[in-house]
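A.B. asks: Structure supplied as coords.txt; contents: compact mmCIF, C-alpha atoms and all ligand atoms.
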# COMPACT_ATOMS: atom_id res chain seq x y z
CA MET N 248 3.16 36.47 -37.53
CA PRO N 249 1.10 33.31 -37.77
CA ARG N 250 0.29 32.18 -41.26
CA VAL N 251 -3.44 32.32 -41.91
CA SER N 252 -4.28 29.91 -44.66
CA ARG N 253 -7.83 29.93 -45.97
CA GLU N 254 -7.88 26.76 -48.00
CA PRO N 255 -9.55 23.82 -46.26
CA VAL N 256 -7.82 20.47 -46.70
CA PRO N 257 -10.13 17.71 -48.03
CA ALA N 258 -8.37 15.04 -45.91
CA ARG N 259 -9.56 17.04 -42.91
CA THR N 260 -12.91 18.40 -44.06
CA GLU N 261 -14.26 14.96 -44.95
CA HIS N 262 -14.18 14.18 -41.21
CA LEU N 263 -15.53 17.55 -40.11
CA ARG N 264 -18.78 17.74 -42.08
CA ASP N 265 -21.13 17.52 -39.19
CA VAL N 266 -19.41 18.74 -36.07
CA HIS N 267 -22.05 19.53 -33.50
CA ARG N 268 -20.37 18.69 -30.20
CA LEU N 269 -16.77 19.68 -29.55
CA VAL N 270 -14.35 19.18 -26.71
CA VAL N 271 -11.72 21.93 -26.48
CA LYS N 272 -8.77 21.49 -24.15
CA VAL N 273 -6.47 24.36 -23.23
CA GLY N 274 -3.14 23.90 -21.51
CA THR N 275 -1.59 25.57 -18.50
CA ARG N 276 0.90 27.59 -20.54
CA GLY N 277 -1.90 29.17 -22.53
CA VAL N 278 -4.13 29.90 -19.54
CA ALA N 279 -1.54 31.21 -17.08
CA ASP N 280 1.46 33.50 -17.40
CA VAL N 281 4.78 32.57 -15.87
CA ASP N 282 3.96 34.50 -12.68
CA GLY N 283 0.73 32.52 -12.28
CA SER N 284 -1.57 35.35 -13.29
CA PRO N 285 -4.21 34.56 -15.94
CA ASN N 286 -3.38 35.08 -19.59
CA GLU N 287 -6.38 37.33 -20.17
CA PRO N 288 -5.91 37.80 -23.94
CA ASN N 289 -5.95 34.03 -24.50
CA ILE N 290 -8.88 33.42 -22.17
CA GLN N 291 -10.85 36.23 -23.80
CA ALA N 292 -10.05 35.05 -27.32
CA TRP N 293 -11.08 31.45 -26.61
CA ALA N 294 -14.23 32.53 -24.76
CA GLN N 295 -15.12 34.69 -27.76
CA GLU N 296 -14.68 31.80 -30.16
CA ILE N 297 -16.60 29.36 -27.97
CA ALA N 298 -19.44 31.87 -27.56
CA GLY N 299 -19.54 32.15 -31.35
CA LEU N 300 -19.82 28.39 -31.74
CA ILE N 301 -22.63 28.23 -29.22
CA ALA N 302 -24.44 31.02 -31.06
CA GLU N 303 -24.20 28.81 -34.19
CA GLY N 304 -26.01 26.06 -32.26
CA ARG N 305 -23.00 23.89 -31.44
CA GLU N 306 -22.21 22.37 -28.06
CA VAL N 307 -18.81 22.98 -26.50
CA LEU N 308 -17.18 21.29 -23.53
CA LEU N 309 -14.09 23.02 -22.23
CA VAL N 310 -11.25 21.26 -20.44
CA THR N 311 -8.92 23.71 -18.75
CA SER N 312 -5.60 23.15 -17.06
CA GLY N 313 -3.88 25.75 -14.95
CA ALA N 314 -5.28 25.19 -11.46
CA VAL N 315 -2.17 23.61 -10.00
CA TYR N 316 0.16 26.21 -11.42
CA MET N 317 -1.99 29.20 -10.53
CA GLY N 318 -2.52 27.92 -7.01
CA PHE N 319 1.11 27.09 -6.60
CA ARG N 320 2.08 30.64 -7.58
CA ALA N 321 -0.68 32.18 -5.44
CA LEU N 322 0.71 30.34 -2.42
CA GLY N 323 4.16 31.67 -3.19
CA LEU N 324 5.49 28.14 -3.38
CA ASP N 325 8.77 27.66 -5.10
CA LYS N 326 9.13 23.90 -5.31
CA PRO N 327 8.59 21.54 -8.22
CA VAL N 328 4.87 20.99 -8.79
CA ASP N 329 5.45 17.26 -9.02
CA ALA N 330 5.31 16.77 -5.24
CA LEU N 331 1.84 15.29 -4.78
CA ARG N 332 0.98 17.17 -1.61
CA LEU N 333 1.87 20.48 -3.22
CA ARG N 334 -0.04 19.67 -6.41
CA GLN N 335 -3.08 18.90 -4.31
CA ALA N 336 -2.72 22.04 -2.23
CA GLY N 337 -2.02 24.11 -5.31
CA ALA N 338 -5.10 22.81 -7.08
CA ALA N 339 -7.32 23.60 -4.08
CA VAL N 340 -6.19 27.22 -4.25
CA GLY N 341 -5.92 27.53 -8.02
CA GLN N 342 -9.15 25.92 -9.15
CA PRO N 343 -11.45 28.69 -7.85
CA LEU N 344 -9.05 31.29 -9.28
CA LEU N 345 -9.07 29.59 -12.66
CA MET N 346 -12.85 29.36 -12.69
CA ARG N 347 -13.17 33.02 -11.72
CA TYR N 348 -11.46 34.06 -14.95
CA TRP N 349 -13.42 31.69 -17.17
CA ARG N 350 -16.66 32.61 -15.48
CA ARG N 351 -16.02 36.29 -16.00
CA ALA N 352 -15.05 35.82 -19.66
CA PHE N 353 -18.22 33.87 -20.44
CA GLN N 354 -20.46 36.05 -18.29
CA GLN N 355 -19.38 39.03 -20.39
CA ARG N 356 -20.87 37.13 -23.34
CA GLY N 357 -24.10 36.26 -21.55
CA LEU N 358 -23.13 32.63 -20.91
CA VAL N 359 -23.34 30.54 -17.76
CA VAL N 360 -20.50 28.19 -16.83
CA ALA N 361 -20.57 24.95 -14.85
CA GLN N 362 -17.60 23.30 -13.17
CA ILE N 363 -17.03 19.53 -13.18
CA LEU N 364 -13.94 18.11 -11.51
CA LEU N 365 -13.15 14.51 -12.34
CA THR N 366 -10.91 11.63 -11.44
CA GLN N 367 -10.29 8.66 -13.69
CA ASP N 368 -12.66 6.34 -11.83
CA ASP N 369 -15.57 8.69 -12.54
CA VAL N 370 -15.39 7.65 -16.19
CA ALA N 371 -13.96 4.12 -15.79
CA ASP N 372 -16.95 2.96 -13.76
CA ARG N 373 -19.83 2.40 -16.18
CA ARG N 374 -22.58 3.41 -13.77
CA ARG N 375 -20.85 6.59 -12.69
CA ALA N 376 -19.96 7.36 -16.29
CA ILE N 377 -23.63 7.16 -17.29
CA HIS N 378 -24.61 9.53 -14.48
CA LEU N 379 -21.86 11.87 -15.54
CA ARG N 380 -23.09 11.80 -19.15
CA ASN N 381 -26.59 12.63 -18.01
CA THR N 382 -25.35 15.59 -15.99
CA ILE N 383 -23.33 16.87 -18.92
CA PHE N 384 -26.26 16.55 -21.31
CA ALA N 385 -28.53 18.35 -18.84
CA LEU N 386 -26.04 21.23 -18.67
CA LEU N 387 -25.71 21.40 -22.45
CA GLU N 388 -29.49 21.38 -22.89
CA ALA N 389 -29.75 24.20 -20.39
CA GLY N 390 -27.25 26.19 -22.44
CA ALA N 391 -24.45 26.15 -19.85
CA ILE N 392 -20.82 25.58 -20.74
CA PRO N 393 -19.43 22.62 -18.80
CA ILE N 394 -15.83 23.35 -17.79
CA PHE N 395 -13.72 20.39 -16.69
CA ASN N 396 -10.49 19.80 -14.88
CA GLU N 397 -9.01 16.90 -13.04
CA ASN N 398 -9.97 16.92 -9.37
CA ASP N 399 -6.31 17.33 -8.50
CA SER N 400 -6.86 17.95 -4.80
CA VAL N 401 -8.02 14.37 -4.29
CA SER N 402 -6.43 12.72 -7.30
CA VAL N 403 -3.67 10.26 -6.53
CA ASP N 404 -1.90 7.44 -8.33
CA GLY N 405 -4.37 4.90 -9.61
CA VAL N 406 -7.24 7.32 -10.07
CA THR N 407 -5.48 10.08 -11.97
CA PHE N 408 -5.98 10.71 -15.68
CA MET N 409 -2.24 11.53 -15.71
CA ASP N 410 -2.87 14.66 -17.74
CA ASN N 411 -5.73 16.76 -19.05
CA ASP N 412 -5.11 15.65 -22.64
CA ARG N 413 -6.27 12.18 -21.72
CA LEU N 414 -9.08 13.57 -19.58
CA ALA N 415 -10.30 15.50 -22.64
CA ALA N 416 -10.02 12.43 -24.90
CA ARG N 417 -11.87 10.18 -22.45
CA LEU N 418 -14.54 12.80 -22.05
CA ALA N 419 -14.87 13.10 -25.83
CA GLY N 420 -15.34 9.31 -26.02
CA LEU N 421 -17.84 9.32 -23.19
CA ILE N 422 -20.13 11.97 -24.60
CA GLY N 423 -19.72 11.06 -28.26
CA ALA N 424 -18.01 14.29 -29.31
CA ASP N 425 -17.59 15.03 -33.02
CA PHE N 426 -14.22 16.74 -32.68
CA LEU N 427 -11.47 16.99 -30.05
CA ILE N 428 -9.26 20.07 -30.15
CA LEU N 429 -6.09 20.21 -28.04
CA LEU N 430 -4.65 23.71 -27.79
CA THR N 431 -1.07 23.96 -26.67
CA ASP N 432 2.01 26.18 -26.91
CA GLN N 433 3.45 24.20 -29.82
CA ASN N 434 2.45 24.53 -33.46
CA GLY N 435 1.55 20.86 -33.59
CA LEU N 436 3.31 17.53 -33.69
CA PHE N 437 6.83 17.66 -35.10
CA THR N 438 9.02 14.88 -36.40
CA ARG N 439 11.62 15.94 -33.80
CA ASP N 440 11.80 18.46 -30.99
CA PRO N 441 11.65 21.75 -32.94
CA ASP N 442 13.50 23.69 -30.23
CA ARG N 443 16.49 21.41 -30.52
CA HIS N 444 16.54 20.28 -34.14
CA GLN N 445 16.48 22.60 -37.10
CA ASP N 446 15.33 19.83 -39.43
CA ALA N 447 12.19 19.16 -37.37
CA ARG N 448 9.10 19.14 -39.58
CA LEU N 449 5.52 19.84 -38.59
CA VAL N 450 3.30 16.83 -39.26
CA SER N 451 0.07 18.08 -40.77
CA LEU N 452 -1.86 14.83 -40.95
CA VAL N 453 -1.51 11.64 -38.92
CA ARG N 454 -3.34 8.57 -40.15
CA GLN N 455 -4.21 5.80 -37.76
CA GLU N 456 -1.52 3.42 -38.95
CA GLU N 457 1.07 6.14 -38.34
CA LEU N 458 0.10 6.66 -34.73
CA ASP N 459 2.43 4.01 -33.37
CA ALA N 460 5.38 5.70 -35.00
CA ALA N 461 4.20 9.04 -33.69
CA GLN N 462 4.53 7.69 -30.16
CA PHE N 463 8.25 8.02 -30.55
CA VAL N 464 8.23 11.79 -30.70
CA GLU N 465 10.73 13.32 -28.35
CA ASP N 466 9.37 14.90 -25.27
CA ARG N 467 10.54 17.41 -22.76
CA ALA N 468 9.53 17.58 -19.16
CA ARG N 469 8.18 20.99 -18.19
CA ALA N 470 7.69 22.28 -14.71
CA GLU N 471 4.22 23.77 -14.98
CA SER N 472 2.15 21.05 -16.54
CA ARG N 473 1.92 17.32 -17.04
CA GLY N 474 0.93 16.60 -20.60
CA GLY N 475 3.84 16.66 -23.05
CA MET N 476 3.69 15.71 -26.73
CA LYS N 477 3.43 12.01 -25.93
CA ALA N 478 0.37 12.65 -23.80
CA LYS N 479 -1.19 14.54 -26.69
CA VAL N 480 -0.51 11.74 -29.12
CA ARG N 481 -1.91 9.27 -26.61
CA ALA N 482 -5.03 11.42 -26.23
CA ALA N 483 -5.38 11.64 -30.01
CA GLU N 484 -5.07 7.87 -30.21
CA ILE N 485 -7.94 7.42 -27.76
CA ALA N 486 -10.12 9.86 -29.69
CA VAL N 487 -9.47 8.47 -33.16
CA SER N 488 -10.00 4.89 -31.95
CA CYS N 489 -13.55 5.98 -31.05
CA GLY N 490 -13.97 7.58 -34.46
CA ILE N 491 -13.47 11.14 -33.23
CA PRO N 492 -11.17 13.41 -35.26
CA CYS N 493 -8.58 15.25 -33.20
CA ALA N 494 -6.52 18.36 -33.89
CA LEU N 495 -3.51 19.72 -32.06
CA ALA N 496 -2.60 23.35 -32.58
CA HIS N 497 -1.07 26.46 -31.04
CA GLY N 498 -3.66 28.12 -28.81
CA GLY N 499 -2.32 31.56 -29.69
CA GLU N 500 -3.28 31.31 -33.37
CA PRO N 501 -6.03 33.81 -34.19
CA GLN N 502 -9.45 32.16 -34.60
CA VAL N 503 -7.77 28.85 -33.99
CA ILE N 504 -10.93 26.87 -33.18
CA GLN N 505 -12.90 28.16 -36.17
CA ARG N 506 -10.02 27.53 -38.51
CA LEU N 507 -9.53 23.99 -37.28
CA LEU N 508 -13.25 23.40 -37.69
CA HIS N 509 -13.05 24.59 -41.27
CA GLY N 510 -10.33 22.06 -41.93
CA GLU N 511 -7.51 24.52 -42.52
CA ASP N 512 -4.00 23.18 -42.71
CA LEU N 513 -3.18 24.31 -39.20
CA GLY N 514 -1.36 22.29 -36.55
CA THR N 515 -1.72 18.51 -36.72
CA PHE N 516 -4.87 16.61 -37.62
CA PHE N 517 -5.39 13.02 -36.51
CA VAL N 518 -7.61 11.09 -38.91
CA PRO N 519 -10.33 9.10 -37.10
CA ARG N 520 -11.27 5.44 -37.54
CA GLU N 521 -14.87 4.61 -38.24
CA ARG N 522 -17.29 5.71 -35.56
CA VAL N 523 -18.11 3.15 -32.84
CA SER N 524 -21.23 2.85 -30.69
CA SER N 525 -21.41 4.77 -27.46
CA ARG N 526 -20.79 1.67 -25.37
CA LYS N 527 -17.79 0.66 -27.46
CA SER N 528 -16.51 4.19 -27.31
CA TRP N 529 -16.68 4.04 -23.51
CA ILE N 530 -14.81 0.70 -23.54
CA LEU N 531 -12.02 2.25 -25.60
CA SER N 532 -11.84 5.57 -23.80
CA GLY N 533 -12.94 4.86 -20.23
CA GLN N 534 -9.69 3.54 -18.83
CA GLU N 535 -6.06 2.78 -19.53
CA PRO N 536 -5.41 -0.88 -20.49
CA SER N 537 -4.15 -2.84 -17.47
CA GLY N 538 -2.68 -5.82 -19.28
CA GLU N 539 -2.43 -7.92 -22.40
CA ILE N 540 -3.75 -11.30 -23.47
CA PHE N 541 -2.00 -13.17 -26.27
CA VAL N 542 -4.08 -15.44 -28.47
CA ASP N 543 -3.24 -18.10 -31.03
CA GLU N 544 -3.74 -17.91 -34.77
CA GLY N 545 -7.20 -19.50 -34.67
CA ALA N 546 -8.57 -17.12 -32.06
CA CYS N 547 -6.92 -14.26 -33.85
CA ARG N 548 -8.75 -15.12 -37.09
CA ALA N 549 -12.07 -15.64 -35.30
CA LEU N 550 -11.83 -12.26 -33.58
CA ARG N 551 -10.88 -10.44 -36.75
CA GLN N 552 -13.07 -12.18 -39.29
CA ARG N 553 -16.44 -12.40 -37.73
CA ASP N 554 -18.42 -9.75 -36.03
CA GLY N 555 -19.24 -11.24 -32.72
CA SER N 556 -16.66 -13.74 -31.53
CA SER N 557 -16.04 -13.79 -27.82
CA LEU N 558 -12.62 -14.77 -26.52
CA LEU N 559 -12.59 -18.26 -24.99
CA PRO N 560 -9.80 -19.69 -22.85
CA VAL N 561 -8.87 -22.28 -25.48
CA GLY N 562 -7.38 -19.63 -27.78
CA ILE N 563 -5.27 -17.93 -25.12
CA THR N 564 -1.52 -18.50 -24.99
CA ASP N 565 -0.42 -15.96 -22.38
CA ALA N 566 -1.50 -13.11 -20.11
CA ARG N 567 0.77 -10.23 -19.17
CA GLY N 568 0.30 -7.55 -16.55
CA GLU N 569 -1.70 -7.63 -13.35
CA PHE N 570 -5.27 -6.95 -14.35
CA ALA N 571 -8.41 -7.60 -12.35
CA SER N 572 -11.83 -8.76 -13.53
CA GLY N 573 -13.55 -5.83 -15.28
CA ASP N 574 -10.29 -4.17 -16.38
CA LEU N 575 -9.53 -3.18 -19.94
CA VAL N 576 -7.02 -5.45 -21.69
CA ILE N 577 -5.41 -5.49 -25.12
CA LEU N 578 -5.78 -8.71 -27.11
CA ARG N 579 -2.74 -9.49 -29.24
CA GLY N 580 -2.04 -12.05 -31.92
CA PRO N 581 0.97 -14.41 -32.03
CA ASP N 582 3.07 -11.67 -33.66
CA GLY N 583 2.22 -9.21 -30.89
CA ALA N 584 0.01 -7.03 -33.08
CA GLU N 585 -3.08 -5.59 -31.41
CA ILE N 586 -6.33 -7.20 -32.52
CA ALA N 587 -8.91 -5.95 -30.08
CA ARG N 588 -9.53 -4.35 -26.70
CA GLY N 589 -12.05 -5.48 -24.19
CA LEU N 590 -13.18 -5.75 -20.60
CA VAL N 591 -11.92 -9.01 -19.16
CA ASN N 592 -14.01 -11.37 -17.01
CA TYR N 593 -11.08 -12.84 -15.12
CA ALA N 594 -8.05 -11.58 -13.23
CA ALA N 595 -4.62 -12.11 -14.80
CA HIS N 596 -3.67 -14.97 -12.46
CA GLU N 597 -6.93 -16.77 -13.35
CA VAL N 598 -6.34 -16.33 -17.08
CA ARG N 599 -2.93 -17.92 -16.62
CA VAL N 600 -4.61 -20.93 -15.01
CA ILE N 601 -7.33 -21.43 -17.64
CA LYS N 602 -5.41 -20.47 -20.79
CA GLY N 603 -5.55 -23.15 -23.49
CA SER N 604 -8.38 -25.02 -21.70
CA GLN N 605 -11.87 -25.91 -22.81
CA THR N 606 -14.68 -23.71 -21.51
CA ARG N 607 -16.27 -26.67 -19.68
CA ASP N 608 -13.11 -27.00 -17.57
CA ILE N 609 -13.07 -23.43 -16.23
CA ALA N 610 -15.12 -24.17 -13.11
CA ARG N 611 -12.97 -27.17 -12.21
CA LEU N 612 -9.71 -25.29 -12.78
CA LEU N 613 -10.74 -22.22 -10.78
CA GLY N 614 -12.77 -24.06 -8.18
CA ARG N 615 -15.87 -21.94 -8.80
CA SER N 616 -18.52 -21.55 -11.45
CA ALA N 617 -17.85 -18.56 -13.63
CA HIS N 618 -18.17 -16.84 -17.00
CA GLU N 619 -17.95 -18.90 -20.18
CA THR N 620 -15.92 -16.28 -21.97
CA VAL N 621 -12.72 -14.50 -21.00
CA VAL N 622 -13.79 -11.41 -22.93
CA HIS N 623 -17.39 -11.32 -24.09
CA ARG N 624 -18.01 -9.93 -27.55
CA ASP N 625 -20.34 -7.24 -26.14
CA ASN N 626 -17.41 -5.96 -24.10
CA MET N 627 -14.93 -6.05 -26.96
CA VAL N 628 -13.92 -3.73 -29.77
CA VAL N 629 -11.91 -5.08 -32.70
CA THR N 630 -9.20 -2.51 -33.36
CA ALA N 631 -7.30 -4.32 -36.13
CA PRO N 632 -8.53 -4.24 -39.71
CA ARG N 633 -11.01 -7.06 -40.33
CA ASN N 634 -9.39 -9.30 -42.87
CA GLY N 635 -8.50 -12.97 -42.86
CA SER N 636 -4.85 -12.95 -41.82
CA SER N 637 -3.13 -11.59 -38.76
N1 LIG N 701 -5.09 19.40 -13.92
C1 LIG N 701 -3.86 20.16 -13.94
C2 LIG N 701 -4.12 21.61 -13.60
O1 LIG N 701 -5.20 22.09 -13.65
C3 LIG N 701 -3.19 20.13 -15.29
C4 LIG N 701 -2.84 18.78 -15.81
C5 LIG N 701 -2.09 18.88 -17.14
O2 LIG N 701 -1.20 19.73 -17.27
O3 LIG N 701 -2.40 18.13 -18.05
O4 LIG N 701 -3.23 22.33 -13.31
Rewrite the coordinates I just gave you, this time as C-alpha cells.
C.D. replies:
Amino acid sequence: MPRVSREPVPARTEHLRDVHRLVVKVGTRGVADVDGSPNEPNIQAWAQEIAGLIAEGREVLLVTSGAVYMGFRALGLDKPVDALRLRQAGAAVGQPLLMRYWRRAFQQRGLVVAQILLTQDDVADRRRAIHLRNTIFALLEAGAIPIFNENDSVSVDGVTFMDNDRLAARLAGLIGADFLILLTDQNGLFTRDPDRHQDARLVSLVRQEELDAAQFVEDRARAESRGGMKAKVRAAEIAVSCGIPCALAHGGEPQVIQRLLHGEDLGTFFVPRERVSSRKSWILSGQEPSGEIFVDEGACRALRQRDGSSLLPVGITDARGEFASGDLVILRGPDGAEIARGLVNYAAHEVRVIKGSQTRDIARLLGRSAHETVVHRDNMVVTAPRNGSS
C-alpha cells in the first residue's frame, strides 16, 4: 500500500505558496495497459483531481503520452515502436483514441477539453510560440482544459521534443507555469536503478547544484515510451532553470497531484532557481542548446558580475558544435563551467573566424556588416551564480 504522509515539507512548500497554473504530464505506462487499452482507473482518478483543481480556480494543462502505443496496439503491430514510420502511423491511429478517453473522463465532470499537438519548432520559433501562448490563454480563459501531445505523425529528427517530459517542461516555461508535475510508473528519482539494486535510495529533494550529478542516474530503455529517468531529470532541469518547481512521482499514488501541491514528501521534488521573465524563460526552455562558446576570464567576470553585459568577440576563445544564427548556445568559462545561455547572432563557423577580435573588425573578417555582439544581453540568461570569480 502506498504510504500517505500528511506532513508538508517546508523545503517544498516554500516554493508552492502560490501555485495557480500547473502543467501535469502523464506517461504512456500510466495511461495505457499492456494490451494498449486505456487504463481507465488512472485516467478517471487524474481527471477527478484535475477537475477538483479547476473548481478551486486553478489552471491545469495536461500533457499526455500514450498515442503511439495505443495506436500501435490497435493496428495489431508487433514491431519495436522505435521505427519512425510505425511511430508516425501508430500516433495517427492512437491520438484520437487517447483523446476519446480523456474527453469522456472530463465530460463526465462537466469540462470541455481541447487538443494541441506540437513539434519542437512550434515553441522554438518566437513568433509561433507567442501565438501558441495566446491560444493556450484563450482556452484557459474559456475554461477548457488544453491537452497536449507531440505531433508524432509528422515529427521527425530535428523537430522532435524527444520525449513528452521535455515537451511538458518547455510548455511550462512558455506559459509561465507555477508547478510542473511529471507522473510516471516509478516512485521518483533513485540513486540507482531500484529494480536492479537493493541499496537504491529514493531522492526526495534535488537542489539545483545537484542536478548535474543527477544526470548520471541509470536508465533503462523501455519499449512503449521514450522518456526514461534521464529525460525526466532533463525536463526538471529546464523547469527549475526558469524558476518553476518540478515534482516527479508515481501516477498511481492516491490523490497524487493534491499531495504534491501540498508539499508532501512524495516522489522527488526539484527546487527551482529564482523566477525569470517570460522572455528569458522562453530562451531557456524553447529549444535544446546547439553548441557551446568558451570565453576567457575577463568575459566570464563581465557576464557574471554585471547585469547586462553582452558577449563580444574579443572575449571568445572557442566555439564547439554546429550552431546557426538564432540558435541557443551555452556560454562556458575557461574551466568549462556554464555561465550563461543565450541566442547567438552568428553561426559556429563565423564565431570561429571572429573569436578574439575587436568588434570593429567583424565586418572586415566576415565580409559583411553585422551585429556588434555575438550574444546580446537581451537574448542571454546568466545561469551561474553572480559572484566575482568563475
Ligand atoms: N508522444 C508519445 C506518445 O504519445 C510519447 C512520448 C514519450 O513517451 O515521452 O505516445
A.B. asks: Tell me which residues come within 12 Å of (-12.1, -20.4, -15.6), as an MDAnalysis selection string, counting all atoms listed in the file in the file's coordinates.
C.D. replies: chainID N and resid 559:561 563 572 591:622
A.B. asks: Take the residues from that selection and write them out as a PDB file, in the frame of the given file, keeping C-alpha atoms.
C.D. replies:
ATOM      1  CA  LEU N 559     -12.590 -18.260 -24.990  1.00  0.00           C
ATOM      2  CA  PRO N 560      -9.800 -19.690 -22.850  1.00  0.00           C
ATOM      3  CA  VAL N 561      -8.870 -22.280 -25.480  1.00  0.00           C
ATOM      4  CA  ILE N 563      -5.270 -17.930 -25.120  1.00  0.00           C
ATOM      5  CA  SER N 572     -11.830  -8.760 -13.530  1.00  0.00           C
ATOM      6  CA  VAL N 591     -11.920  -9.010 -19.160  1.00  0.00           C
ATOM      7  CA  ASN N 592     -14.010 -11.370 -17.010  1.00  0.00           C
ATOM      8  CA  TYR N 593     -11.080 -12.840 -15.120  1.00  0.00           C
ATOM      9  CA  ALA N 594      -8.050 -11.580 -13.230  1.00  0.00           C
ATOM     10  CA  ALA N 595      -4.620 -12.110 -14.800  1.00  0.00           C
ATOM     11  CA  HIS N 596      -3.670 -14.970 -12.460  1.00  0.00           C
ATOM     12  CA  GLU N 597      -6.930 -16.770 -13.350  1.00  0.00           C
ATOM     13  CA  VAL N 598      -6.340 -16.330 -17.080  1.00  0.00           C
ATOM     14  CA  ARG N 599      -2.930 -17.920 -16.620  1.00  0.00           C
ATOM     15  CA  VAL N 600      -4.610 -20.930 -15.010  1.00  0.00           C
ATOM     16  CA  ILE N 601      -7.330 -21.430 -17.640  1.00  0.00           C
ATOM     17  CA  LYS N 602      -5.410 -20.470 -20.790  1.00  0.00           C
ATOM     18  CA  GLY N 603      -5.550 -23.150 -23.490  1.00  0.00           C
ATOM     19  CA  SER N 604      -8.380 -25.020 -21.700  1.00  0.00           C
ATOM     20  CA  GLN N 605     -11.870 -25.910 -22.810  1.00  0.00           C
ATOM     21  CA  THR N 606     -14.680 -23.710 -21.510  1.00  0.00           C
ATOM     22  CA  ARG N 607     -16.270 -26.670 -19.680  1.00  0.00           C
ATOM     23  CA  ASP N 608     -13.110 -27.000 -17.570  1.00  0.00           C
ATOM     24  CA  ILE N 609     -13.070 -23.430 -16.230  1.00  0.00           C
ATOM     25  CA  ALA N 610     -15.120 -24.170 -13.110  1.00  0.00           C
ATOM     26  CA  ARG N 611     -12.970 -27.170 -12.210  1.00  0.00           C
ATOM     27  CA  LEU N 612      -9.710 -25.290 -12.780  1.00  0.00           C
ATOM     28  CA  LEU N 613     -10.740 -22.220 -10.780  1.00  0.00           C
ATOM     29  CA  GLY N 614     -12.770 -24.060  -8.180  1.00  0.00           C
ATOM     30  CA  ARG N 615     -15.870 -21.940  -8.800  1.00  0.00           C
ATOM     31  CA  SER N 616     -18.520 -21.550 -11.450  1.00  0.00           C
ATOM     32  CA  ALA N 617     -17.850 -18.560 -13.630  1.00  0.00           C
ATOM     33  CA  HIS N 618     -18.170 -16.840 -17.000  1.00  0.00           C
ATOM     34  CA  GLU N 619     -17.950 -18.900 -20.180  1.00  0.00           C
ATOM     35  CA  THR N 620     -15.920 -16.280 -21.970  1.00  0.00           C
ATOM     36  CA  VAL N 621     -12.720 -14.500 -21.000  1.00  0.00           C
ATOM     37  CA  VAL N 622     -13.790 -11.410 -22.930  1.00  0.00           C
TER      38      VAL N 622
END
A.B. asks: Between CA of Arg320 (chain N) and CA of Asn396 (chain N), what is the distance, to one decimal in Å?
C.D. replies: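 Taking CA of Arg320 (chain N) as the start and CA of Asn396 (chain N) as the end point, the length is 18.1 Å.
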A.B. asks: I'd like to know which of N:Lys477, N:Arg350, N:Arg375, N:Arg253 is closest to ligand LIG 701 (chain N), using only C-alpha atoms and all ligand atoms.
C.D. replies: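 Ranked by minimum distance to ligand LIG 701 (chain N), first place goes to N:Lys477.
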A.B. asks: For ligand LIG 701 (chain N), which residue out of N:Glu303, N:Asp399, N:Glu296, N:Asp282 is the nearest one, using only C-alpha atoms and all ligand atoms?
C.D. replies: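 Among the listed residues, the smallest separation from ligand LIG 701 (chain N) belongs to N:Asp399.
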A.B. asks: Give me, as CSV, each residue of chain N that comes within 9 Å of ligand LIG 701 (chain N), together with its shortest interatomic pair and the distance in Å at one decimal, counting only C-alpha atoms and all ligand atoms, with rows ordered by chain and rising residue number.
C.D. replies:
residue,atom,partner,partner_atom,distance
N:Gly274,CA,N:LIG701,O2,6.3
N:Thr275,CA,N:LIG701,O2,6.0
N:Arg276,CA,N:LIG701,O2,8.8
N:Thr311,CA,N:LIG701,O1,6.5
N:Ser312,CA,N:LIG701,O1,3.6
N:Gly313,CA,N:LIG701,O4,3.8
N:Ala314,CA,N:LIG701,O1,3.8
N:Val315,CA,N:LIG701,O4,3.7
N:Tyr316,CA,N:LIG701,O4,5.5
N:Met317,CA,N:LIG701,O4,7.5
N:Gly318,CA,N:LIG701,O4,8.5
N:Arg334,CA,N:LIG701,O4,8.1
N:Gly337,CA,N:LIG701,O4,8.3
N:Ala338,CA,N:LIG701,O4,6.5
N:Gly341,CA,N:LIG701,O1,7.9
N:Gln342,CA,N:LIG701,O1,7.1
N:Leu345,CA,N:LIG701,O1,8.5
N:Asn396,CA,N:LIG701,N1,5.5
N:Glu397,CA,N:LIG701,N1,4.7
N:Asn398,CA,N:LIG701,N1,7.1
N:Asp399,CA,N:LIG701,N1,5.9
N:Phe408,CA,N:LIG701,O3,8.6
N:Met409,CA,N:LIG701,O3,7.0
N:Asp410,CA,N:LIG701,O3,3.5
N:Asn411,CA,N:LIG701,O3,3.7
N:Asp412,CA,N:LIG701,O3,5.9
N:Arg413,CA,N:LIG701,O3,8.0
N:Leu414,CA,N:LIG701,O3,8.2
N:Glu471,CA,N:LIG701,O2,7.1
N:Ser472,CA,N:LIG701,O2,3.7
N:Arg473,CA,N:LIG701,O2,3.9
N:Gly474,CA,N:LIG701,O3,4.5
N:Gly475,CA,N:LIG701,O3,8.1
N:Ala478,CA,N:LIG701,O3,8.4
A.B. asks: Next, the residues of the selection above should be written as a compact mmCIF listing (two decimals), in the coordinates of the input with C-alpha atoms.
C.D. replies:
# COMPACT_ATOMS: atom_id res chain seq x y z
CA GLY N 274 -3.14 23.90 -21.51
CA THR N 275 -1.59 25.57 -18.50
CA ARG N 276 0.90 27.59 -20.54
CA THR N 311 -8.92 23.71 -18.75
CA SER N 312 -5.60 23.15 -17.06
CA GLY N 313 -3.88 25.75 -14.95
CA ALA N 314 -5.28 25.19 -11.46
CA VAL N 315 -2.17 23.61 -10.00
CA TYR N 316 0.16 26.21 -11.42
CA MET N 317 -1.99 29.20 -10.53
CA GLY N 318 -2.52 27.92 -7.01
CA ARG N 334 -0.04 19.67 -6.41
CA GLY N 337 -2.02 24.11 -5.31
CA ALA N 338 -5.10 22.81 -7.08
CA GLY N 341 -5.92 27.53 -8.02
CA GLN N 342 -9.15 25.92 -9.15
CA LEU N 345 -9.07 29.59 -12.66
CA ASN N 396 -10.49 19.80 -14.88
CA GLU N 397 -9.01 16.90 -13.04
CA ASN N 398 -9.97 16.92 -9.37
CA ASP N 399 -6.31 17.33 -8.50
CA PHE N 408 -5.98 10.71 -15.68
CA MET N 409 -2.24 11.53 -15.71
CA ASP N 410 -2.87 14.66 -17.74
CA ASN N 411 -5.73 16.76 -19.05
CA ASP N 412 -5.11 15.65 -22.64
CA ARG N 413 -6.27 12.18 -21.72
CA LEU N 414 -9.08 13.57 -19.58
CA GLU N 471 4.22 23.77 -14.98
CA SER N 472 2.15 21.05 -16.54
CA ARG N 473 1.92 17.32 -17.04
CA GLY N 474 0.93 16.60 -20.60
CA GLY N 475 3.84 16.66 -23.05
CA ALA N 478 0.37 12.65 -23.80
